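A.B. asks: So here's query08.cif (mmCIF, C-alpha atoms).
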data_coords
loop_
_atom_site.label_atom_id
_atom_site.label_comp_id
_atom_site.auth_asym_id
_atom_site.auth_seq_id
_atom_site.Cartn_x
_atom_site.Cartn_y
_atom_site.Cartn_z
CA MET C 1 170.88 127.78 40.46
CA THR C 2 169.86 125.62 43.42
CA THR C 3 166.60 123.72 42.95
CA THR C 4 164.72 123.04 46.18
CA PHE C 5 161.61 120.91 46.69
CA ILE C 6 159.58 121.49 49.88
CA THR C 7 156.67 119.35 51.02
CA GLY C 8 153.77 120.98 52.86
CA ALA C 9 154.93 124.34 51.52
CA ASN C 10 151.59 126.10 51.13
CA LYS C 11 151.48 127.46 54.70
CA SER C 12 153.30 128.03 58.00
CA LEU C 13 156.91 126.80 58.24
CA GLY C 14 156.90 125.34 54.74
CA TYR C 15 155.70 128.58 53.17
CA GLU C 16 158.16 130.72 55.10
CA THR C 17 161.00 128.36 54.21
CA ALA C 18 160.00 128.66 50.56
CA ARG C 19 159.82 132.45 50.79
CA ARG C 20 163.26 132.74 52.35
CA LEU C 21 164.87 130.34 49.89
CA VAL C 22 163.32 132.13 46.90
CA GLU C 23 164.78 135.32 48.38
CA ALA C 24 168.15 133.54 48.63
CA GLY C 25 168.05 132.74 44.92
CA HIS C 26 166.79 129.15 44.95
CA THR C 27 164.42 127.78 42.34
CA VAL C 28 161.72 126.59 44.74
CA LEU C 29 159.13 123.92 44.06
CA VAL C 30 156.12 124.22 46.35
CA GLY C 31 154.88 120.74 47.18
CA ALA C 32 151.34 120.64 48.56
CA ARG C 33 148.42 118.25 48.69
CA ASP C 34 145.70 120.82 47.87
CA PRO C 35 146.05 122.16 44.29
CA GLN C 36 144.19 125.41 44.92
CA ARG C 37 146.19 126.35 48.02
CA GLY C 38 149.43 125.09 46.54
CA ARG C 39 149.09 127.11 43.34
CA ALA C 40 148.09 130.22 45.26
CA ALA C 41 151.15 129.89 47.50
CA ALA C 42 153.48 129.25 44.56
CA ASP C 43 152.10 132.22 42.63
CA ALA C 44 152.56 134.50 45.63
CA LEU C 45 156.13 133.31 46.12
CA GLY C 46 157.29 133.27 42.51
CA ALA C 47 157.74 129.50 42.72
CA ARG C 48 156.33 126.47 40.89
CA PHE C 49 153.61 124.26 42.35
CA VAL C 50 153.91 120.48 42.32
CA GLN C 51 151.04 118.45 43.75
CA ILE C 52 152.10 115.81 46.27
CA ASP C 53 150.36 113.80 48.96
CA VAL C 54 153.16 112.28 51.03
CA THR C 55 150.85 109.48 52.24
CA ASP C 56 150.19 108.25 48.69
CA ASP C 57 152.81 106.26 46.77
CA ALA C 58 151.35 107.14 43.36
CA SER C 59 151.16 110.85 44.19
CA VAL C 60 154.78 110.91 45.36
CA ALA C 61 155.95 109.04 42.26
CA ALA C 62 154.02 111.45 40.04
CA ALA C 63 155.59 114.45 41.81
CA ALA C 64 159.08 113.07 41.28
CA ALA C 65 158.30 112.39 37.63
CA ASP C 66 156.98 115.94 37.23
CA VAL C 67 160.21 117.39 38.64
CA ALA C 68 162.34 115.05 36.54
CA ALA C 69 160.52 116.25 33.41
CA HIS C 70 160.72 119.97 34.22
CA GLU C 71 163.82 120.65 36.32
CA GLY C 72 165.69 117.38 35.84
CA THR C 73 167.38 117.53 39.23
CA VAL C 74 166.84 118.47 42.87
CA ASP C 75 169.63 119.95 44.99
CA VAL C 76 167.72 120.31 48.25
CA LEU C 77 164.76 118.30 49.56
CA VAL C 78 162.94 119.68 52.59
CA ASN C 79 160.62 117.08 54.15
CA ASN C 80 158.37 119.51 55.99
CA ALA C 81 154.87 118.02 55.72
CA GLY C 82 153.61 116.86 59.11
CA VAL C 83 150.49 116.34 61.18
CA ALA C 84 149.79 116.61 64.90
CA GLY C 85 147.34 113.72 64.96
CA SER C 86 144.68 112.93 67.54
CA HIS C 87 144.43 115.07 70.66
CA ALA C 88 142.57 112.33 72.54
CA PRO C 89 143.78 111.37 76.04
CA ALA C 90 146.59 108.80 75.98
CA ASP C 91 144.36 106.01 77.26
CA GLU C 92 142.01 106.53 74.32
CA LEU C 93 144.61 106.47 71.56
CA THR C 94 144.40 103.60 69.10
CA ALA C 95 146.72 101.94 66.62
CA ALA C 96 144.73 103.63 63.85
CA ASP C 97 145.51 107.01 65.42
CA LEU C 98 149.20 106.10 65.44
CA HIS C 99 149.18 104.95 61.82
CA ALA C 100 147.61 108.24 60.74
CA VAL C 101 150.46 110.24 62.32
CA TYR C 102 153.33 107.97 61.33
CA ASP C 103 152.07 107.66 57.75
CA THR C 104 152.76 111.37 57.24
CA ASN C 105 155.55 112.15 59.71
CA VAL C 106 157.71 109.06 59.20
CA ALA C 107 156.57 106.88 56.29
CA GLY C 108 155.88 110.01 54.25
CA VAL C 109 159.51 111.05 54.61
CA VAL C 110 160.66 107.61 53.48
CA ARG C 111 158.32 107.72 50.47
CA VAL C 112 159.48 111.14 49.34
CA THR C 113 163.15 110.48 50.02
CA HIS C 114 163.04 107.20 48.09
CA ALA C 115 161.33 108.82 45.11
CA PHE C 116 163.57 111.89 45.01
CA LEU C 117 166.96 110.26 45.64
CA PRO C 118 167.63 109.70 41.92
CA LEU C 119 167.04 113.43 41.33
CA LEU C 120 169.17 114.40 44.32
CA ARG C 121 172.03 112.24 43.08
CA ARG C 122 172.18 114.32 39.91
CA SER C 123 173.19 117.30 42.08
CA ALA C 124 176.78 118.23 42.90
CA ASN C 125 175.70 119.00 46.49
CA PRO C 126 172.58 116.99 47.42
CA VAL C 127 170.98 117.94 50.72
CA VAL C 128 167.96 116.62 52.62
CA VAL C 129 166.45 118.52 55.55
CA ASN C 130 163.89 116.71 57.67
CA VAL C 131 161.74 118.98 59.83
CA SER C 132 161.67 117.25 63.19
CA SER C 133 160.92 118.71 66.65
CA GLY C 134 162.38 119.16 70.10
CA LEU C 135 159.27 117.29 71.22
CA GLY C 136 161.02 114.20 69.87
CA SER C 137 164.08 114.81 72.05
CA PHE C 138 164.49 112.78 75.26
CA ALA C 139 166.72 115.55 76.63
CA ALA C 140 164.21 118.33 75.98
CA THR C 141 161.12 116.43 77.12
CA HIS C 142 162.82 115.53 80.43
CA ASP C 143 164.16 119.01 81.14
CA PRO C 144 161.76 120.86 83.50
CA ASP C 145 163.11 124.19 82.25
CA ARG C 146 161.92 123.52 78.71
CA VAL C 147 158.37 123.82 77.44
CA GLU C 148 158.67 120.40 75.74
CA SER C 149 158.64 118.73 79.18
CA SER C 150 155.18 120.11 79.96
CA LEU C 151 153.38 118.37 77.09
CA ALA C 152 152.09 114.83 76.69
CA ALA C 153 151.46 113.92 73.05
CA PRO C 154 152.56 110.29 72.62
CA LEU C 155 151.97 109.95 68.90
CA TYR C 156 153.44 113.21 67.60
CA THR C 157 156.45 113.18 69.91
CA SER C 158 157.36 109.58 69.17
CA SER C 159 156.98 110.19 65.42
CA LYS C 160 159.49 113.03 65.62
CA ALA C 161 161.90 110.92 67.68
CA ALA C 162 161.64 108.29 64.94
CA LEU C 163 162.22 110.92 62.26
CA THR C 164 165.40 112.20 63.91
CA MET C 165 166.79 108.68 64.17
CA LEU C 166 165.75 108.00 60.59
CA THR C 167 167.70 111.09 59.55
CA THR C 168 170.90 110.01 61.28
CA GLN C 169 170.61 106.52 59.82
CA TYR C 170 170.15 107.86 56.30
CA ALA C 171 173.24 110.02 56.87
CA LYS C 172 175.25 106.92 57.80
CA ALA C 173 173.89 104.73 55.04
CA LEU C 174 174.00 107.28 52.22
CA PRO C 175 177.19 109.34 52.60
CA ASP C 176 176.81 110.83 49.10
CA VAL C 177 173.80 112.86 50.33
CA LYS C 178 173.76 115.14 53.38
CA PHE C 179 170.86 114.39 55.73
CA ASN C 180 170.08 116.65 58.68
CA ALA C 181 167.11 117.25 60.98
CA ALA C 182 165.85 120.68 62.03
CA ASP C 183 163.99 121.60 65.21
CA PRO C 184 161.96 124.76 64.50
CA GLY C 185 161.28 125.34 68.20
CA TYR C 186 157.96 126.44 69.69
CA THR C 187 156.68 128.47 66.76
CA ALA C 188 153.25 130.00 66.15
CA THR C 189 151.72 127.74 63.48
CA ASP C 190 148.43 126.02 62.67
CA LEU C 191 149.83 122.87 64.28
CA ASN C 192 149.64 124.42 67.77
CA GLY C 193 146.85 126.91 67.27
CA HIS C 194 149.42 129.70 66.85
CA SER C 195 150.33 129.46 70.52
CA GLY C 196 154.11 129.41 70.08
CA PRO C 197 156.16 132.48 71.03
CA GLN C 198 158.43 132.31 67.97
CA THR C 199 157.58 133.78 64.58
CA VAL C 200 157.65 131.54 61.52
CA THR C 201 160.79 133.35 60.44
CA GLU C 202 162.52 132.39 63.69
CA GLY C 203 161.09 128.89 63.35
CA THR C 204 162.65 128.45 59.92
CA ASP C 205 166.14 129.62 60.88
CA ALA C 206 167.50 126.09 61.33
CA ILE C 207 165.69 124.78 58.26
CA VAL C 208 167.11 127.51 56.04
CA GLU C 209 170.57 127.12 57.55
CA LEU C 210 170.61 123.40 56.79
CA ALA C 211 169.07 123.89 53.34
CA THR C 212 171.90 126.23 52.34
CA ILE C 213 174.96 124.28 53.50
CA GLY C 214 177.86 123.89 51.10
CA PRO C 215 179.74 120.77 50.03
CA ASP C 216 181.67 120.78 53.33
CA GLY C 217 178.49 121.13 55.41
CA PRO C 218 177.40 118.76 58.17
CA THR C 219 175.44 115.54 57.88
CA GLY C 220 173.62 113.47 60.50
CA GLN C 221 172.95 116.47 62.75
CA PHE C 222 169.89 117.65 64.67
CA ARG C 223 169.93 121.44 64.92
CA ASP C 224 167.76 124.31 66.08
CA ARG C 225 168.36 128.03 65.57
CA SER C 226 170.88 128.04 68.44
CA GLY C 227 172.95 125.05 67.36
CA THR C 228 173.04 121.30 67.95
CA VAL C 229 170.08 119.81 69.85
CA ALA C 230 170.64 117.16 72.53
CA TRP C 231 168.27 114.31 71.97
#
Take the structure I supplied and represent it as structure tokens, if you would.
C.D. replies:
Amino acid sequence: MTTTFITGANKSLGYETARRLVEAGHTVLVGARDPQRGRAAADALGARFVQIDVTDDASVAAAAADVAAHEGTVDVLVNNAGVAGSHAPADELTAADLHAVYDTNVAGVVRVTHAFLPLLRRSANPVVVNVSSGLGSFAATHDPDRVESSLAAPLYTSSKAALTMLTTQYAKALPDVKFNAADPGYTATDLNGHSGPQTVTEGTDAIVELATIGPDGPTGQFRDRSGTVAW
């Protein structure tokens, strides 16, 4: 049985990823900051809730200890939790605004990865999927034919560019664990006011694909539902 831990799994892409992986036979651990919402999501999915705030070292350590005590190992870690951050005009953005975004979208991934690596290394096929975005791709944001080029969101976009690079560097540095980044695409979620044309099922195609790779699967890749993303 494959044990999968997903952060931010109580709604949107995280919830749909959890639903699909439960359906695929995984033992899914629903990581969420809010206990009430997290438990409700886990109960609806037939999964187990584990409280985690990816911006808090103690919370992340406690979540890893909880999983170590109950499941003993993690085969797949999906770093899904993310925030959009301030929507203020670029000339009004502050360093505090940046820290708030990067603390979840980048530092949060480092916190969780660091805490869960010992559990992943107990697996015969350890996999990490980081949920990034085409908005962090230079290629996409400079292509006038793509929706990513029409948006200006300095903090979110740069955090996702950092996350994709972080993913490829982990893949190089830790060859015993497969690290890949997924671009959900423009999906209708709370993050964008449900404005995206894709369903959450379509938006989780790449995440689920990368979460279910075998021992010969890729590492260090950035993929969307159509294949490799230029970035």
A.B. asks: Using all atoms listed in the file, pick whichever of C:Thr94, C:Thr228, C:Thr7, C:Thr199 has the shortest atom-to-atom distance to Val131 in chain C.
C.D. replies: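 For Val131 in chain C, the nearest of the candidates is C:Thr7.
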A.B. asks: Would you mind telling me which residue in C:Ala107, C:Val74, C:Thr204, C:Val60 lies nearest to Leu166 in chain C when using all atoms listed in the file?
C.D. replies: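 Smallest separation from Leu166 in chain C among the options: C:Ala107.
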A.B. asks: With only C-alpha atoms counted, which protein, DNA or RNA residues have an atom no more than 9 Å from (171.7, 112.6, 55.6) in the file frame? Please answer as a ChimeraX atom specification.
C.D. replies: /C:127-129,167-181,218-221
A.B. asks: Given the PyMOL selection byres ((chain C and resi 26) around 10) and the file above, list the residues it selects as a list in words.
C.D. replies: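 That selection, the PyMOL selection byres ((chain C and resi 26) around 10), comes back as Met1, Thr2, Thr3, Thr4, Phe5, Ala18, Arg19, Arg20, Leu21, Val22, Glu23, Ala24, Gly25, Thr27, Val28, Leu29, Ala47, Asp75, Val76 and Thr212 of chain C.
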A.B. asks: Include C-alpha atoms and write out the residues we just selected as a tab-separated table (two decimals), in the coordinates of the input.
C.D. replies:
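Once everything was written out, this is again27.tsv:
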chain	number	residue	atom	x	y	z
C	1	MET	CA	170.88	127.78	40.46
C	2	THR	CA	169.86	125.62	43.42
C	3	THR	CA	166.60	123.72	42.95
C	4	THR	CA	164.72	123.04	46.18
C	5	PHE	CA	161.61	120.91	46.69
C	18	ALA	CA	160.00	128.66	50.56
C	19	ARG	CA	159.82	132.45	50.79
C	20	ARG	CA	163.26	132.74	52.35
C	21	LEU	CA	164.87	130.34	49.89
C	22	VAL	CA	163.32	132.13	46.90
C	23	GLU	CA	164.78	135.32	48.38
C	24	ALA	CA	168.15	133.54	48.63
C	25	GLY	CA	168.05	132.74	44.92
C	27	THR	CA	164.42	127.78	42.34
C	28	VAL	CA	161.72	126.59	44.74
C	29	LEU	CA	159.13	123.92	44.06
C	47	ALA	CA	157.74	129.50	42.72
C	75	ASP	CA	169.63	119.95	44.99
C	76	VAL	CA	167.72	120.31	48.25
C	212	THR	CA	171.90	126.23	52.34
A.B. asks: To one decimal place in Å, what is the distance between CA of Leu210 in chain C and CA of Val78 in chain C?
C.D. replies: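 The value is 9.5 Å.
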A.B. asks: What does the distance between CA of Arg37 in chain C and CA of Asp53 in chain C come to in Å, to one decimal place?
C.D. replies: 13.3 Å
A.B. asks: Would you kindly translate the PyMOL selection byres ((chain C and resi 146-152) around 9) into the concrete residues it picks from this file, as an MDAnalysis selection string?
C.D. replies: chainID C and resid 90 134:137 140:145 153:154 157 186
A.B. asks: Mind giving me the straight-line distance from CA of Met165 in chain C to CA of Pro89 in chain C in Å, one decimal?
C.D. replies: 26.0 Å
A.B. asks: Written as an MDAnalysis selection string, what is the full residue list that the PyMOL selection byres ((chain C and resi 116) around 10) yields on the file shown?
C.D. replies: chainID C and resid 5 60:61 63:65 67:68 73:74 76:77 110:115 117:121 128
A.B. asks: Please save C-alpha atoms of the selected residues as a PDB file, keeping the file's coordinate frame.
C.D. replies:
ATOM      1  CA  PHE C   5     161.610 120.910  46.690  1.00  0.00           C
ATOM      2  CA  VAL C  60     154.780 110.910  45.360  1.00  0.00           C
ATOM      3  CA  ALA C  61     155.950 109.040  42.260  1.00  0.00           C
ATOM      4  CA  ALA C  63     155.590 114.450  41.810  1.00  0.00           C
ATOM      5  CA  ALA C  64     159.080 113.070  41.280  1.00  0.00           C
ATOM      6  CA  ALA C  65     158.300 112.390  37.630  1.00  0.00           C
ATOM      7  CA  VAL C  67     160.210 117.390  38.640  1.00  0.00           C
ATOM      8  CA  ALA C  68     162.340 115.050  36.540  1.00  0.00           C
ATOM      9  CA  THR C  73     167.380 117.530  39.230  1.00  0.00           C
ATOM     10  CA  VAL C  74     166.840 118.470  42.870  1.00  0.00           C
ATOM     11  CA  VAL C  76     167.720 120.310  48.250  1.00  0.00           C
ATOM     12  CA  LEU C  77     164.760 118.300  49.560  1.00  0.00           C
ATOM     13  CA  VAL C 110     160.660 107.610  53.480  1.00  0.00           C
ATOM     14  CA  ARG C 111     158.320 107.720  50.470  1.00  0.00           C
ATOM     15  CA  VAL C 112     159.480 111.140  49.340  1.00  0.00           C
ATOM     16  CA  THR C 113     163.150 110.480  50.020  1.00  0.00           C
ATOM     17  CA  HIS C 114     163.040 107.200  48.090  1.00  0.00           C
ATOM     18  CA  ALA C 115     161.330 108.820  45.110  1.00  0.00           C
ATOM     19  CA  LEU C 117     166.960 110.260  45.640  1.00  0.00           C
ATOM     20  CA  PRO C 118     167.630 109.700  41.920  1.00  0.00           C
ATOM     21  CA  LEU C 119     167.040 113.430  41.330  1.00  0.00           C
ATOM     22  CA  LEU C 120     169.170 114.400  44.320  1.00  0.00           C
ATOM     23  CA  ARG C 121     172.030 112.240  43.080  1.00  0.00           C
ATOM     24  CA  VAL C 128     167.960 116.620  52.620  1.00  0.00           C
TER      25      VAL C 128
END
A.B. asks: Which is closest to Ser12 in chain C among C:Val208, C:Ala139, C:Leu163, C:Ala41, if we use all atoms listed in the file?
C.D. replies: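 Going through C:Val208, C:Ala139, C:Leu163, C:Ala41 one by one, the smallest distance to Ser12 in chain C is for C:Ala41.
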A.B. asks: Kindly indicate which residue among C:Gly214, C:Gly8, C:Gly72, C:Gly108 lies nearest to Arg122 in chain C, using only C-alpha atoms for the distances.
C.D. replies: C:Gly72
A.B. asks: Which is closest to Asn130 in chain C among C:Arg223, C:Arg33, C:His99, C:Lys11, if we use only C-alpha atoms?
C.D. replies: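 Ranking C:Arg223, C:Arg33, C:His99, C:Lys11 by distance to Asn130 in chain C, first place goes to C:Arg223.
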A.B. asks: List the neighbours of range 84-88 of chain C out to 8 Å using all atoms listed in the file; skip same-chain residues closer than 6 positions along the sequence, and give me the result as a PyMOL selection string.
C.D. replies: chain C and resi 97-98+100-101+153+155-156+191
A.B. asks: Calculated over all atoms listed in the file, which of the candidates C:Gln51, C:Ala58, C:Phe138, C:Val83 has the smallest distance to Ala230 in chain C?
C.D. replies: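 Smallest separation from Ala230 in chain C among the options: C:Phe138.
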A.B. asks: Compile the contact shell of Phe49 in chain C as an NGL selection string: residues with an atom at most 7 Å away, counting all atoms listed in the file, same-chain residues fewer than 6 positions apart removed.
C.D. replies: :C and (29-31 or 38-39 or 42)
A.B. asks: Which residues come within 6 Å of Ala182 in chain C, counting all atoms listed in the file, excluding same-chain residues fewer than 4 positions away, as a list of chain:residue names?
C.D. replies: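 Counting only the stated atoms, we get C:Val131, C:Ser132, C:Ala206, C:Ile207, C:Phe222, C:Arg223, C:Asp224.
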